[in-house]
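Undergrad: First the structure, then my questions, so here it is.
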Amino acid sequence: MAEPGTTGAEVVLALDVGAARIGVARGVVGSNFAFGRGFITRQKLALDVAAVQSLVDEEGAARVVVGLPSRLRGGDSPQTTKVRTFAAALEKAGLAVVFEDERLTTKVASQGLATSGLKKKQRQEKGRLDERSAVLILESYLARQKNAG
(Lines give C-alpha, C1' and ligand atoms only; values in the text may rest on other atoms or scores of the structure.)
Protein backbone atom coordinates (compact mmCIF):
# COMPACT_ATOMS: atom_id res chain seq x y z
CA MET A 1 0.00 0.00 0.00
CA ALA A 2 1.14 3.50 -0.66
CA GLU A 3 1.89 5.90 2.12
CA PRO A 4 -0.24 9.05 1.89
CA GLY A 5 1.60 11.70 -0.12
CA THR A 6 3.98 9.23 -1.82
CA THR A 7 4.03 7.71 -5.28
CA GLY A 8 3.24 4.09 -4.51
CA ALA A 9 6.00 3.46 -1.95
CA GLU A 10 5.37 0.32 0.08
CA VAL A 11 5.12 0.69 3.82
CA VAL A 12 6.60 -2.20 5.79
CA LEU A 13 6.69 -3.04 9.48
CA ALA A 14 9.44 -4.98 11.21
CA LEU A 15 9.15 -7.07 14.34
CA ASP A 16 11.76 -8.14 16.86
CA VAL A 17 9.88 -11.03 18.47
CA GLY A 18 10.95 -11.81 22.02
CA ALA A 19 9.47 -13.80 24.88
CA ALA A 20 8.12 -10.76 26.76
CA ARG A 21 7.82 -8.07 24.07
CA ILE A 22 7.71 -7.52 20.33
CA GLY A 23 9.66 -4.49 19.15
CA VAL A 24 8.07 -2.66 16.21
CA ALA A 25 9.53 -0.44 13.49
CA ARG A 26 8.12 1.16 10.34
CA GLY A 27 9.72 2.10 7.05
CA VAL A 28 9.13 2.58 3.34
CA VAL A 29 10.72 0.43 0.63
CA GLY A 30 13.20 2.59 -1.27
CA SER A 31 14.24 4.50 1.85
CA ASN A 32 17.27 3.87 4.04
CA PHE A 33 15.51 4.74 7.26
CA ALA A 34 13.26 2.92 9.70
CA PHE A 35 11.51 4.46 12.66
CA GLY A 36 10.60 2.86 15.96
CA ARG A 37 6.92 2.36 16.68
CA GLY A 38 7.23 1.10 20.24
CA PHE A 39 6.54 -2.42 21.35
CA ILE A 40 3.79 -4.92 22.01
CA THR A 41 3.72 -6.65 25.39
CA ARG A 42 3.33 -10.38 24.74
CA GLN A 43 0.15 -12.05 25.96
CA LYS A 44 -1.32 -15.04 24.14
CA LEU A 45 -0.54 -15.91 20.54
CA ALA A 46 -3.99 -14.90 19.25
CA LEU A 47 -3.83 -11.54 21.05
CA ASP A 48 -0.29 -10.89 19.83
CA VAL A 49 -1.32 -11.64 16.23
CA ALA A 50 -4.36 -9.35 16.59
CA ALA A 51 -2.12 -6.56 17.91
CA VAL A 52 0.22 -6.91 14.92
CA GLN A 53 -2.76 -7.01 12.53
CA SER A 54 -4.05 -3.80 14.08
CA LEU A 55 -0.68 -2.09 13.56
CA VAL A 56 -0.50 -3.30 9.96
CA ASP A 57 -3.94 -1.84 9.30
CA GLU A 58 -3.14 1.40 11.13
CA GLU A 59 0.16 1.92 9.29
CA GLY A 60 -1.09 0.66 5.91
CA ALA A 61 1.75 -1.86 5.74
CA ALA A 62 2.07 -4.16 2.75
CA ARG A 63 4.16 -6.71 4.62
CA VAL A 64 5.75 -7.59 7.93
CA VAL A 65 9.48 -8.23 8.22
CA VAL A 66 10.17 -10.63 11.08
CA GLY A 67 13.65 -10.81 12.55
CA LEU A 68 14.90 -14.40 12.50
CA PRO A 69 17.31 -15.14 15.36
CA SER A 70 19.63 -17.74 13.87
CA ARG A 71 22.73 -18.99 15.65
CA LEU A 72 25.96 -17.17 14.81
CA ARG A 73 27.19 -20.14 12.80
CA GLY A 74 23.78 -20.60 11.20
CA GLY A 75 21.06 -23.03 12.10
CA ASP A 76 18.05 -22.72 14.33
CA SER A 77 17.94 -22.07 18.05
CA PRO A 78 14.93 -22.66 20.32
CA GLN A 79 14.00 -18.97 19.83
CA THR A 80 14.17 -19.40 16.04
CA THR A 81 11.50 -22.09 16.27
CA LYS A 82 9.27 -19.82 18.39
CA VAL A 83 9.67 -16.95 15.94
CA ARG A 84 8.86 -19.21 12.98
CA THR A 85 5.69 -20.37 14.80
CA PHE A 86 4.70 -16.74 15.43
CA ALA A 87 5.35 -15.82 11.78
CA ALA A 88 3.23 -18.77 10.63
CA ALA A 89 0.36 -17.47 12.79
CA LEU A 90 0.72 -14.04 11.16
CA GLU A 91 0.58 -15.65 7.71
CA LYS A 92 -2.46 -17.69 8.72
CA ALA A 93 -4.14 -14.38 9.68
CA GLY A 94 -3.54 -13.18 6.11
CA LEU A 95 -0.42 -11.05 6.60
CA ALA A 96 2.46 -11.10 4.13
CA VAL A 97 5.57 -12.09 6.11
CA VAL A 98 9.26 -12.12 5.17
CA PHE A 99 12.22 -13.02 7.35
CA GLU A 100 15.36 -10.96 7.93
CA ASP A 101 18.47 -12.26 9.66
CA GLU A 102 18.69 -10.58 13.05
CA ARG A 103 21.92 -12.02 14.38
CA LEU A 104 23.66 -9.53 16.69
CA THR A 105 20.93 -6.88 16.38
CA THR A 106 20.24 -6.89 20.12
CA LYS A 107 23.94 -6.39 20.85
CA VAL A 108 24.25 -3.60 18.28
CA ALA A 109 21.02 -2.00 19.52
CA SER A 110 22.30 -2.11 23.10
CA GLN A 111 25.57 -0.46 22.08
CA GLY A 112 23.67 2.19 20.13
CA LEU A 113 21.47 3.00 23.11
CA ALA A 114 24.52 3.24 25.36
CA THR A 115 25.95 6.00 23.15
CA SER A 116 22.62 7.66 22.31
CA GLY A 117 22.78 10.44 24.86
CA LEU A 118 19.70 9.15 26.64
CA LYS A 119 19.74 9.11 30.40
CA LYS A 120 20.39 5.69 31.94
CA LYS A 121 16.82 5.42 33.17
CA GLN A 122 15.52 6.10 29.65
CA ARG A 123 17.92 3.57 28.10
CA GLN A 124 16.68 0.92 30.50
CA GLU A 125 12.97 1.44 29.82
CA LYS A 126 11.31 -1.83 28.96
CA GLY A 127 10.77 -2.16 25.26
CA ARG A 128 13.30 0.45 24.15
CA LEU A 129 15.87 -2.22 23.23
CA ASP A 130 13.20 -4.30 21.46
CA GLU A 131 12.09 -1.29 19.43
CA ARG A 132 15.69 -0.38 18.52
CA SER A 133 16.35 -3.97 17.43
CA ALA A 134 13.27 -3.83 15.17
CA VAL A 135 14.64 -0.63 13.62
CA LEU A 136 17.95 -2.36 12.85
CA ILE A 137 16.15 -5.38 11.38
CA LEU A 138 14.10 -3.14 9.12
CA GLU A 139 17.06 -0.97 8.06
CA SER A 140 18.90 -4.14 7.05
CA TYR A 141 15.88 -5.31 5.04
CA LEU A 142 15.43 -1.90 3.38
CA ALA A 143 19.11 -1.77 2.39
CA ARG A 144 18.89 -5.22 0.80
CA GLN A 145 15.74 -4.22 -1.11
CA LYS A 146 17.36 -1.03 -2.34
CA ASN A 147 20.52 -2.86 -3.46
CA ALA A 148 18.49 -5.56 -5.20
CA GLY A 149 16.39 -3.03 -7.13
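Scheme for the C-alpha coordinates: letters A, B, ... for chains in order shown; per-chain residue numbers from 1; ligand numbers from 1 in order shown.
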Neighbouring residues of range 39-53 of chain A were defined as those with any atom within 12 Å, considering only C-alpha atoms; residues of the same chain fewer than 6 positions away were excluded. Please report them as a VMD selection string.
TA: chain A and resid 13 to 26 59 to 66 82 to 83 85 to 97 125 to 135
Undergrad: Output N, CA and C atoms for every residue in the selection just made, as a short mmCIF file (atom, residue, chain, number, x, y, z; two decimals), in the first residue's frame.
TA:
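Once everything was written out, this is selection.cif:
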data_model
loop_
_atom_site.label_atom_id
_atom_site.label_comp_id
_atom_site.auth_asym_id
_atom_site.auth_seq_id
_atom_site.Cartn_x
_atom_site.Cartn_y
_atom_site.Cartn_z
N LEU A 13 6.42 -3.01 8.05
CA LEU A 13 6.69 -3.04 9.48
C LEU A 13 7.70 -4.13 9.75
N ALA A 14 8.52 -3.94 10.78
CA ALA A 14 9.44 -4.98 11.21
C ALA A 14 9.16 -5.31 12.66
N LEU A 15 9.37 -6.58 12.99
CA LEU A 15 9.15 -7.07 14.34
C LEU A 15 10.40 -7.75 14.88
N ASP A 16 10.74 -7.40 16.12
CA ASP A 16 11.76 -8.14 16.86
C ASP A 16 10.98 -8.92 17.91
N VAL A 17 10.75 -10.20 17.65
CA VAL A 17 9.88 -11.03 18.47
C VAL A 17 10.67 -11.64 19.61
N GLY A 18 10.32 -11.26 20.83
CA GLY A 18 10.95 -11.81 22.02
C GLY A 18 9.91 -12.53 22.87
N ALA A 19 10.37 -13.07 23.99
CA ALA A 19 9.47 -13.80 24.88
C ALA A 19 8.50 -12.88 25.61
N ALA A 20 8.95 -11.68 25.98
CA ALA A 20 8.12 -10.76 26.76
C ALA A 20 7.53 -9.63 25.93
N ARG A 21 8.25 -9.22 24.87
CA ARG A 21 7.82 -8.07 24.07
C ARG A 21 8.15 -8.29 22.60
N ILE A 22 7.44 -7.54 21.76
CA ILE A 22 7.71 -7.52 20.33
C ILE A 22 8.03 -6.08 19.96
N GLY A 23 9.28 -5.82 19.60
CA GLY A 23 9.66 -4.49 19.15
C GLY A 23 9.11 -4.25 17.76
N VAL A 24 8.70 -3.00 17.49
CA VAL A 24 8.07 -2.66 16.21
C VAL A 24 8.78 -1.46 15.57
N ALA A 25 8.98 -1.55 14.26
CA ALA A 25 9.53 -0.44 13.49
C ALA A 25 8.76 -0.31 12.18
N ARG A 26 8.83 0.87 11.59
CA ARG A 26 8.12 1.16 10.34
C ARG A 26 9.07 1.82 9.35
N GLU A 59 -0.97 1.35 10.03
CA GLU A 59 0.16 1.92 9.29
C GLU A 59 0.03 1.74 7.77
N GLY A 60 -0.94 0.93 7.34
CA GLY A 60 -1.09 0.66 5.91
C GLY A 60 0.05 -0.15 5.35
N ALA A 61 0.58 -1.08 6.15
CA ALA A 61 1.75 -1.86 5.74
C ALA A 61 1.39 -2.96 4.76
N ALA A 62 2.24 -3.12 3.75
CA ALA A 62 2.07 -4.16 2.75
C ALA A 62 2.60 -5.51 3.22
N ARG A 63 3.58 -5.47 4.11
CA ARG A 63 4.16 -6.71 4.62
C ARG A 63 4.80 -6.49 5.97
N VAL A 64 5.11 -7.61 6.61
CA VAL A 64 5.75 -7.59 7.93
C VAL A 64 7.08 -8.32 7.82
N VAL A 65 8.14 -7.64 8.20
CA VAL A 65 9.48 -8.23 8.22
C VAL A 65 9.73 -8.74 9.64
N VAL A 66 9.96 -10.02 9.76
CA VAL A 66 10.17 -10.63 11.08
C VAL A 66 11.64 -10.99 11.22
N LYS A 82 10.39 -20.61 17.87
CA LYS A 82 9.27 -19.82 18.39
C LYS A 82 8.91 -18.69 17.44
N VAL A 83 9.92 -18.05 16.87
CA VAL A 83 9.67 -16.95 15.94
C VAL A 83 9.02 -17.48 14.67
N THR A 85 7.08 -20.04 14.44
CA THR A 85 5.69 -20.37 14.80
C THR A 85 4.85 -19.09 14.83
N PHE A 86 5.40 -18.02 15.38
CA PHE A 86 4.70 -16.74 15.43
C PHE A 86 4.46 -16.21 14.00
N ALA A 87 5.47 -16.29 13.16
CA ALA A 87 5.35 -15.82 11.78
C ALA A 87 4.29 -16.63 11.02
N ALA A 88 4.24 -17.93 11.28
CA ALA A 88 3.23 -18.77 10.63
C ALA A 88 1.82 -18.34 11.06
N ALA A 89 1.67 -17.95 12.31
CA ALA A 89 0.36 -17.47 12.79
C ALA A 89 0.00 -16.15 12.12
N LEU A 90 0.98 -15.29 11.88
CA LEU A 90 0.72 -14.04 11.16
C LEU A 90 0.27 -14.33 9.73
N GLU A 91 0.95 -15.28 9.08
CA GLU A 91 0.58 -15.65 7.71
C GLU A 91 -0.82 -16.25 7.66
N LYS A 92 -1.14 -17.08 8.65
CA LYS A 92 -2.46 -17.69 8.72
C LYS A 92 -3.54 -16.62 8.87
N ALA A 93 -3.20 -15.50 9.52
CA ALA A 93 -4.14 -14.38 9.68
C ALA A 93 -4.22 -13.52 8.42
N GLY A 94 -3.46 -13.88 7.38
CA GLY A 94 -3.54 -13.18 6.11
C GLY A 94 -2.47 -12.12 5.88
N LEU A 95 -1.48 -12.05 6.76
CA LEU A 95 -0.42 -11.05 6.60
C LEU A 95 0.71 -11.61 5.74
N ALA A 96 1.29 -10.73 4.93
CA ALA A 96 2.46 -11.10 4.13
C ALA A 96 3.69 -10.96 5.04
N VAL A 97 4.44 -12.05 5.18
CA VAL A 97 5.57 -12.09 6.11
C VAL A 97 6.84 -12.46 5.35
N GLU A 125 14.42 1.62 29.89
CA GLU A 125 12.97 1.44 29.82
C GLU A 125 12.65 0.16 29.06
N LYS A 126 11.70 -0.59 29.62
CA LYS A 126 11.31 -1.83 28.96
C LYS A 126 10.79 -1.53 27.57
N GLY A 127 11.23 -2.31 26.63
CA GLY A 127 10.77 -2.16 25.26
C GLY A 127 11.65 -1.30 24.38
N ARG A 128 12.46 -0.43 24.97
CA ARG A 128 13.30 0.45 24.15
C ARG A 128 14.31 -0.37 23.33
N LEU A 129 14.90 -1.37 23.93
CA LEU A 129 15.87 -2.22 23.23
C LEU A 129 15.17 -3.04 22.14
N ASP A 130 13.97 -3.53 22.44
CA ASP A 130 13.20 -4.30 21.46
C ASP A 130 12.86 -3.44 20.24
N GLU A 131 12.43 -2.22 20.51
CA GLU A 131 12.09 -1.29 19.43
C GLU A 131 13.33 -0.98 18.59
N ARG A 132 14.45 -0.70 19.24
CA ARG A 132 15.69 -0.38 18.52
C ARG A 132 16.15 -1.57 17.68
N SER A 133 15.99 -2.77 18.20
CA SER A 133 16.35 -3.97 17.43
C SER A 133 15.47 -4.09 16.19
N ALA A 134 14.17 -3.79 16.33
CA ALA A 134 13.27 -3.83 15.17
C ALA A 134 13.70 -2.82 14.12
N VAL A 135 14.14 -1.64 14.56
CA VAL A 135 14.64 -0.63 13.62
C VAL A 135 15.83 -1.18 12.84
#
